[in-house]
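What's in target13.cif: mmCIF, C-alpha atoms
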data_start
loop_
_atom_site.label_atom_id
_atom_site.label_comp_id
_atom_site.auth_asym_id
_atom_site.auth_seq_id
_atom_site.Cartn_x
_atom_site.Cartn_y
_atom_site.Cartn_z
CA MET E 1 26.29 -83.49 62.72
CA PRO E 2 24.32 -81.93 65.59
CA GLN E 3 20.60 -82.50 65.70
CA SER E 4 19.90 -78.77 66.06
CA LEU E 5 21.66 -77.87 62.78
CA LEU E 6 19.42 -75.68 60.62
CA ARG E 7 20.26 -75.68 56.92
CA GLU E 8 19.28 -72.46 55.11
CA VAL E 9 19.49 -72.30 51.32
CA GLU E 10 18.51 -69.70 48.74
CA HIS E 11 18.00 -69.90 44.98
CA GLU E 12 17.19 -67.04 42.64
CA ILE E 13 16.37 -66.27 39.04
CA ALA E 14 15.68 -63.16 36.94
CA VAL E 15 12.30 -62.97 35.21
CA SER E 16 11.40 -60.65 32.33
CA ALA E 17 8.10 -59.49 33.80
CA PRO E 18 7.08 -56.81 36.32
CA ALA E 19 7.50 -57.78 39.97
CA ALA E 20 3.81 -57.22 40.74
CA THR E 21 2.81 -59.55 37.90
CA VAL E 22 5.20 -62.28 39.04
CA TYR E 23 4.01 -62.01 42.63
CA ARG E 24 0.36 -62.20 41.58
CA LEU E 25 0.93 -65.32 39.48
CA ILE E 26 2.65 -67.04 42.43
CA ALA E 27 0.13 -65.86 45.02
CA GLU E 28 -3.01 -66.77 43.06
CA VAL E 29 -2.64 -70.55 42.88
CA ASP E 30 -5.33 -70.89 40.21
CA ASN E 31 -2.45 -69.88 37.92
CA TRP E 32 -0.21 -72.75 38.96
CA PRO E 33 -1.39 -75.31 36.39
CA ARG E 34 -0.36 -72.71 33.77
CA ILE E 35 3.02 -72.16 35.41
CA TYR E 36 4.11 -75.62 36.51
CA PRO E 37 3.77 -78.50 34.02
CA ARG E 38 3.31 -81.15 36.73
CA ILE E 39 0.50 -79.41 38.65
CA VAL E 40 -3.07 -80.39 37.81
CA HIS E 41 -4.90 -78.35 40.43
CA ALA E 42 -4.19 -76.09 43.41
CA GLU E 43 -6.58 -74.31 45.74
CA GLN E 44 -6.45 -71.94 48.71
CA VAL E 45 -8.45 -72.42 51.92
CA PRO E 46 -8.47 -69.44 54.36
CA GLU E 47 -7.20 -70.19 57.88
CA SER E 48 -7.05 -68.09 61.05
CA GLY E 49 -4.36 -65.49 61.72
CA GLY E 50 -4.12 -64.34 58.11
CA ARG E 51 -2.81 -67.70 56.95
CA GLU E 52 -4.21 -70.02 54.30
CA LEU E 53 -4.03 -73.74 53.64
CA LEU E 54 -2.65 -74.55 50.22
CA ARG E 55 -3.77 -77.83 48.65
CA ILE E 56 -1.87 -79.08 45.59
CA TRP E 57 -2.40 -82.07 43.31
CA GLY E 58 0.15 -83.07 40.70
CA THR E 59 2.73 -85.52 39.46
CA THR E 60 6.21 -85.97 40.93
CA ALA E 61 9.55 -86.40 39.17
CA ASP E 62 8.97 -90.18 39.04
CA ALA E 63 5.51 -89.62 37.42
CA SER E 64 3.51 -90.71 40.48
CA PHE E 65 0.37 -88.72 41.34
CA GLU E 66 0.46 -86.99 44.75
CA HIS E 67 -1.41 -84.52 46.96
CA TRP E 68 0.46 -81.97 49.11
CA THR E 69 -0.60 -79.37 51.65
CA ALA E 70 1.17 -76.32 53.06
CA LEU E 71 0.37 -73.29 55.20
CA ARG E 72 1.06 -69.90 53.60
CA THR E 73 1.10 -66.26 54.63
CA LEU E 74 0.90 -63.59 51.92
CA ASP E 75 2.48 -60.14 52.14
CA PRO E 76 1.46 -58.32 48.94
CA GLU E 77 2.94 -54.98 50.02
CA ARG E 78 6.44 -56.44 50.40
CA LEU E 79 5.92 -59.01 47.60
CA ARG E 80 6.74 -61.85 49.98
CA ILE E 81 5.14 -65.24 50.69
CA THR E 82 6.12 -67.59 53.51
CA PHE E 83 5.10 -71.24 53.52
CA ARG E 84 5.42 -74.32 55.70
CA PRO E 85 4.70 -77.79 54.24
CA THR E 86 2.48 -79.96 56.44
CA GLY E 87 2.46 -83.68 56.99
CA PHE E 88 6.19 -84.30 56.64
CA GLY E 89 8.02 -86.72 58.90
CA PRO E 90 11.46 -88.25 59.46
CA PRO E 91 14.11 -87.63 58.39
CA LEU E 92 12.83 -84.02 58.39
CA ALA E 93 12.31 -82.35 61.78
CA SER E 94 11.30 -78.98 60.29
CA MET E 95 10.82 -77.31 56.92
CA ASP E 96 10.01 -73.67 56.14
CA GLY E 97 10.27 -71.60 53.00
CA GLY E 98 9.48 -68.36 51.28
CA TRP E 99 9.16 -66.47 48.03
CA VAL E 100 10.61 -62.97 47.65
CA VAL E 101 9.97 -60.97 44.47
CA GLU E 102 12.14 -57.88 43.91
CA PRO E 103 11.82 -55.35 41.07
CA LEU E 104 14.96 -54.90 38.99
CA SER E 105 13.28 -52.54 36.51
CA PRO E 106 9.68 -51.81 35.48
CA ALA E 107 9.77 -54.88 33.21
CA GLU E 108 12.13 -57.23 35.07
CA SER E 109 12.26 -58.79 38.52
CA ARG E 110 14.32 -61.14 40.65
CA VAL E 111 12.62 -64.10 42.35
CA ARG E 112 14.27 -65.64 45.41
CA LEU E 113 13.14 -69.02 46.72
CA LEU E 114 14.16 -69.68 50.33
CA HIS E 115 14.23 -72.93 52.32
CA ALA E 116 15.25 -73.75 55.89
CA PHE E 117 15.17 -77.31 57.22
CA SER E 118 16.53 -79.49 59.98
CA LEU E 119 16.70 -83.27 60.41
CA VAL E 120 15.65 -85.58 63.20
CA ASP E 121 19.17 -86.95 63.63
CA ASP E 122 22.70 -86.27 62.41
CA ASP E 123 22.88 -88.76 59.54
CA PRO E 124 25.18 -87.06 56.98
CA GLY E 125 23.82 -89.23 54.17
CA GLU E 126 20.23 -88.15 54.82
CA PHE E 127 21.29 -84.53 55.11
CA GLU E 128 23.06 -84.67 51.77
CA ARG E 129 20.07 -86.38 50.15
CA ILE E 130 17.57 -83.76 51.39
CA ASP E 131 19.92 -80.91 50.51
CA SER E 132 20.33 -82.29 47.00
CA ALA E 133 16.56 -82.73 46.56
CA VAL E 134 15.84 -79.17 47.72
CA ASP E 135 18.50 -77.82 45.35
CA ARG E 136 17.23 -79.84 42.39
CA ASN E 137 13.56 -79.04 43.00
CA SER E 138 14.23 -75.34 43.59
CA ARG E 139 16.21 -74.95 40.36
CA THR E 140 13.51 -76.77 38.41
CA GLU E 141 10.71 -74.75 40.01
CA LEU E 142 12.38 -71.42 39.31
CA ALA E 143 13.19 -72.37 35.71
CA GLU E 144 9.58 -73.42 35.10
CA LEU E 145 8.36 -70.22 36.75
CA LYS E 146 10.59 -68.05 34.54
CA LYS E 147 9.62 -69.82 31.32
CA SER E 148 5.89 -69.89 32.04
CA VAL E 149 5.59 -66.37 33.46
CA GLU E 150 7.52 -64.81 30.59
CA GLU E 151 5.43 -66.71 28.05
CA ALA E 152 2.19 -65.82 29.85
CA TYR E 153 3.19 -62.17 30.22
CA LEU E 154 4.21 -61.83 26.59
CA ALA E 155 1.38 -63.96 25.17
CA GLU E 156 -1.76 -62.97 27.06
CA GLU E 157 -3.60 -62.48 23.78
CA PHE E 158 -3.07 -66.17 22.98
CA THR E 159 -4.52 -67.38 26.30
CA PHE E 160 -8.26 -67.60 26.81
CA SER E 161 -10.93 -69.45 28.75
CA PHE E 162 -14.46 -70.52 27.88
CA GLU E 163 -17.28 -72.46 29.45
CA ASP E 164 -20.33 -74.54 28.52
CA THR E 165 -23.10 -75.04 31.08
CA ALA E 166 -26.21 -77.22 31.21
CA ARG E 167 -29.01 -77.53 33.71
CA ILE E 168 -29.83 -81.21 34.23
CA ALA E 169 -32.97 -82.54 35.90
CA GLY E 170 -31.21 -85.25 37.86
CA PRO E 171 -29.05 -85.81 40.95
CA ALA E 172 -25.60 -84.23 41.01
CA GLU E 173 -24.20 -87.59 42.10
CA ASP E 174 -25.40 -89.30 38.90
CA VAL E 175 -23.98 -86.60 36.63
CA TYR E 176 -20.68 -86.65 38.51
CA ASP E 177 -20.52 -90.44 38.23
CA PHE E 178 -21.02 -90.25 34.46
CA VAL E 179 -18.01 -87.96 34.05
CA ASN E 180 -15.95 -89.77 36.69
CA GLU E 181 -16.58 -93.29 35.36
CA ALA E 182 -14.43 -92.83 32.27
CA PRO E 183 -13.88 -96.57 31.64
CA LEU E 184 -17.56 -96.73 30.61
CA TRP E 185 -17.27 -93.93 28.05
CA ALA E 186 -16.67 -96.36 25.18
CA GLU E 187 -20.19 -97.69 25.87
CA ARG E 188 -21.78 -94.34 26.70
CA LEU E 189 -20.21 -91.77 24.35
CA PRO E 190 -20.27 -91.98 20.54
CA GLY E 191 -16.83 -91.74 18.99
CA VAL E 192 -14.93 -93.00 22.04
CA THR E 193 -13.35 -96.31 21.02
CA GLU E 194 -10.83 -97.01 23.80
CA VAL E 195 -10.36 -95.87 27.39
CA ARG E 196 -7.67 -96.64 29.93
CA LEU E 197 -7.93 -95.27 33.45
CA ASP E 198 -5.21 -95.66 36.10
CA GLU E 199 -6.17 -94.64 39.63
CA ASP E 200 -3.53 -95.78 42.11
CA LYS E 201 -4.90 -93.37 44.71
CA PRO E 202 -8.61 -92.51 45.03
CA GLY E 203 -9.47 -89.45 42.98
CA LEU E 204 -6.06 -89.12 41.29
CA GLN E 205 -6.39 -90.42 37.75
CA ARG E 206 -4.40 -90.84 34.56
CA LEU E 207 -6.90 -91.02 31.72
CA GLU E 208 -6.08 -92.15 28.19
CA THR E 209 -8.76 -92.07 25.49
CA VAL E 210 -8.91 -92.87 21.79
CA THR E 211 -11.67 -91.20 19.79
CA ARG E 212 -12.75 -91.36 16.18
CA ALA E 213 -13.89 -88.06 14.67
CA PRO E 214 -16.77 -87.79 12.16
CA ASP E 215 -14.20 -87.45 9.36
CA GLY E 216 -12.69 -90.81 10.34
CA SER E 217 -9.51 -89.45 11.92
CA VAL E 218 -8.37 -91.06 15.18
CA HIS E 219 -7.15 -89.03 18.15
CA ARG E 220 -5.36 -90.22 21.27
CA ALA E 221 -5.38 -88.02 24.37
CA VAL E 222 -3.80 -88.40 27.81
CA ALA E 223 -4.86 -86.30 30.79
CA HIS E 224 -4.34 -86.18 34.54
CA ARG E 225 -7.49 -85.68 36.61
CA VAL E 226 -8.28 -84.74 40.20
CA CYS E 227 -11.76 -85.92 41.21
CA LEU E 228 -13.42 -84.31 44.24
CA PRO E 229 -16.79 -86.11 44.75
CA HIS E 230 -19.40 -84.90 43.93
CA ARG E 231 -18.20 -81.37 43.51
CA ARG E 232 -15.47 -80.95 40.90
CA ILE E 233 -13.28 -82.82 38.45
CA LEU E 234 -10.10 -80.94 37.41
CA HIS E 235 -7.97 -82.04 34.48
CA ARG E 236 -4.77 -81.19 32.64
CA GLN E 237 -4.15 -82.51 29.15
CA VAL E 238 -0.73 -84.13 28.81
CA THR E 239 -0.72 -84.86 25.08
CA LEU E 240 -1.61 -81.67 23.24
CA PRO E 241 -2.91 -81.10 19.70
CA ALA E 242 -0.76 -79.02 17.39
CA LEU E 243 -2.76 -75.82 17.98
CA LEU E 244 -2.27 -75.80 21.77
CA SER E 245 0.65 -75.39 24.15
CA LEU E 246 -1.59 -75.70 27.25
CA HIS E 247 -5.04 -77.09 28.05
CA THR E 248 -6.46 -77.28 31.56
CA GLY E 249 -10.06 -77.51 32.63
CA SER E 250 -12.68 -78.45 35.15
CA TRP E 251 -16.13 -79.93 35.56
CA THR E 252 -18.24 -78.42 38.33
CA PHE E 253 -21.49 -79.81 39.71
CA GLU E 254 -23.70 -77.41 41.68
CA THR E 255 -27.23 -77.81 42.98
CA PRO E 256 -29.09 -74.53 42.29
CA ALA E 257 -30.72 -72.92 45.31
CA ASP E 258 -34.05 -72.83 43.50
CA ASP E 259 -34.00 -76.50 42.40
CA THR E 260 -33.07 -79.23 44.87
CA THR E 261 -33.78 -81.97 42.31
CA GLY E 262 -31.52 -80.68 39.54
CA VAL E 263 -27.89 -79.80 38.99
CA LEU E 264 -26.00 -77.07 37.15
CA VAL E 265 -23.02 -78.61 35.35
CA SER E 266 -20.25 -76.52 33.81
CA ALA E 267 -17.30 -77.54 31.66
CA ARG E 268 -14.63 -74.84 31.76
CA HIS E 269 -11.40 -74.78 29.75
CA THR E 270 -8.27 -72.61 29.69
CA VAL E 271 -6.00 -72.91 26.67
CA VAL E 272 -2.88 -71.28 25.26
CA LEU E 273 -2.56 -71.25 21.48
CA ASN E 274 0.59 -72.57 19.82
CA THR E 275 0.78 -69.77 17.28
CA ALA E 276 3.65 -71.39 15.37
CA ASN E 277 1.27 -74.08 14.08
CA ILE E 278 -1.77 -71.99 13.13
CA THR E 279 -1.13 -71.78 9.39
CA ALA E 280 0.11 -75.37 9.17
CA VAL E 281 -3.13 -76.65 10.72
CA LEU E 282 -5.73 -74.18 9.43
CA GLY E 283 -4.21 -72.92 6.19
CA PRO E 284 -1.86 -70.14 5.05
CA ASP E 285 -4.39 -67.35 5.56
CA ALA E 286 -5.51 -68.42 9.06
CA THR E 287 -5.30 -65.86 11.86
CA VAL E 288 -5.18 -65.99 15.65
CA ALA E 289 -8.91 -65.23 15.64
CA ASP E 290 -9.49 -68.24 13.36
CA ALA E 291 -7.49 -70.45 15.72
CA ARG E 292 -9.42 -69.22 18.75
CA ALA E 293 -12.72 -69.95 17.04
CA HIS E 294 -11.57 -73.38 15.88
CA VAL E 295 -10.32 -74.42 19.33
CA ARG E 296 -13.39 -73.04 21.04
CA GLU E 297 -15.73 -75.01 18.81
CA ALA E 298 -13.74 -78.26 18.81
CA ILE E 299 -13.30 -78.47 22.58
CA GLY E 300 -16.72 -77.00 23.28
CA ALA E 301 -18.45 -79.52 21.01
CA SER E 302 -16.82 -82.38 22.93
CA SER E 303 -17.89 -80.92 26.28
CA ARG E 304 -21.43 -80.29 25.09
CA ALA E 305 -21.69 -83.88 23.88
CA VAL E 306 -20.65 -85.16 27.31
CA LEU E 307 -23.14 -82.80 28.97
CA ALA E 308 -25.96 -84.03 26.74
CA HIS E 309 -25.26 -87.72 27.35
CA ALA E 310 -24.68 -87.16 31.08
CA GLY E 311 -28.03 -85.37 31.21
CA ARG E 312 -29.88 -88.23 29.57
CA TYR E 313 -28.14 -90.70 31.87
CA ALA E 314 -29.04 -88.77 35.05
CA GLU E 315 -32.60 -87.96 33.97
CA ARG E 316 -33.25 -91.56 32.97
CA GLY E 317 -31.93 -92.70 36.35
CA ARG E 318 -34.26 -90.36 38.17
#

Mind turning the file's structure into structure tokens?
Amino acid sequence: MPQSLLREVEHEIAVSAPAATVYRLIAEVDNWPRIYPRIVHAEQVPESGGRELLRIWGTTADASFEHWTALRTLDPERLRITFRPTGFGPPLASMDGGWVVEPLSPAESRVRLLHAFSLVDDDPGEFERIDSAVDRNSRTELAELKKSVEEAYLAEEFTFSFEDTARIAGPAEDVYDFVNEAPLWAERLPGVTEVRLDEDKPGLQRLETVTRAPDGSVHRAVAHRVCLPHRRILHRQVTLPALLSLHTGSWTFETPADDTTGVLVSARHTVVLNTANITAVLGPDATVADARAHVREAIGASSRAVLAHAGRYAERGR
């Protein structure tokens, strides 16, 4: 097989949502943890020439935690996005790709995912392996996109975000450390009875906690976290309570311009209600509004407790 061979492949899927909506959800990577189950966090960094650097953290098919980067160029008028992964090496000599969103009707669109790659040498086995991986990943990515976009488009009323914020008179580093050092939570946070933290790569964590509620019930939770010292901690809950079909969130630590000795800490959450379980969990007369209020208070109370204890820890340290 000649070294210069360029393999071009295309996959497509129909999505029951307007083309502009689909394009926006792909282009604005803050949406990606909602769209792709394995992504914990993604962010865009502007580059020169109209390009941007895309940074992605998530789990792979074998459940390992990884960090990827790619360069992207957005074309909102034509509903096209081109991308080029960075940091790859042999057997790949090149890799480029693109998204094309085409309207089929006002409420339906076609999404095409394009890839073009070449290899360093002519090893047929390596070529077949890469080709198979691109095919498998593309089909999975498009299927996840279709499912998540259609659910998000049809269920916007069941998706909401909320935030709790505290101003703490202590160093941002100390507050960050309190949230980051999860193995110490059993000593520092009431109700937390067990913690297991796996961190094979710095800042990429699998966190498992067991907590006992005031009513005596025991809850186990597993989350993936991306820790960016001493700025942000992003998380995605893997094991979900019955009322939720999605829960992602973040901790942010910002030093206010008017207070160099304190820190503004925010706990933000985005959730999607599992409406099929509302009456089973909250009673036969429970409504979506009741579920929203219940989830807001339950998750918010946990965040506020962490904020309060982190504040005492940082202020005592100062």

Within 12 Å of Gly49 of chain E using all atoms listed in the file, minus same-chain residues under 4 positions, as a PyMOL selection string: chain E and resi 53+71-74

Explicit residue set for the PyMOL selection byres ((chain E and resi 277-279) around 9), as a ChimeraX atom specification: /E:242-244,273-276,280-288,290-291

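Going from atom CA of Thr59 of chain E over to atom CA of Val45 of chain E, you cover 21.3 Å.
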
Residues within 9 Å of Pro190 of chain E, only C-alpha atoms, excluding chain neighbours under 3 positions, as a ChimeraX atom specification: /E:185-187,193,211-212,305

Shell around Pro202 of chain E at 12 Å using only C-alpha atoms, local window under 2 positions removed, as a PyMOL selection string: chain E and resi 65-67+180+197-200+204-206+225-229

Selection result of the PyMOL selection byres ((chain E and resi 5) around 12) on this file, as a PyMOL selection string: chain E and resi 1-4+6-8+92-94+116-124+127

Target residues per the PyMOL selection byres ((chain E and resi 131-143) around 8), formatted as number ranges by chain: E: 11-13, 36, 111, 113, 115, 127-130, 144-147

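Going from atom CA of His269 of chain E over to atom CA of Ser16 of chain E, you cover 26.9 Å.
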
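As for atom CA of Leu79 of chain E and atom CA of Leu234 of chain E, they are spaced 29.0 Å apart.
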
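Considering all atoms listed in the file, the residue among E:Pro256, E:Trp99, E:Pro171, E:Val210 positioned nearest to His230 of chain E is E:Pro171.
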
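With all atoms listed in the file as the atoms that count, the residue of E:Leu264, E:Leu54, E:Ile39, E:Ala289 with the shortest distance to Ile168 of chain E is E:Leu264.
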
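Distance annotation: of E:Val22, E:Ala221, E:Leu240, E:Val40, the residue with the minimal separation from Arg110 of chain E is E:Val22; atom set is all atoms listed in the file.
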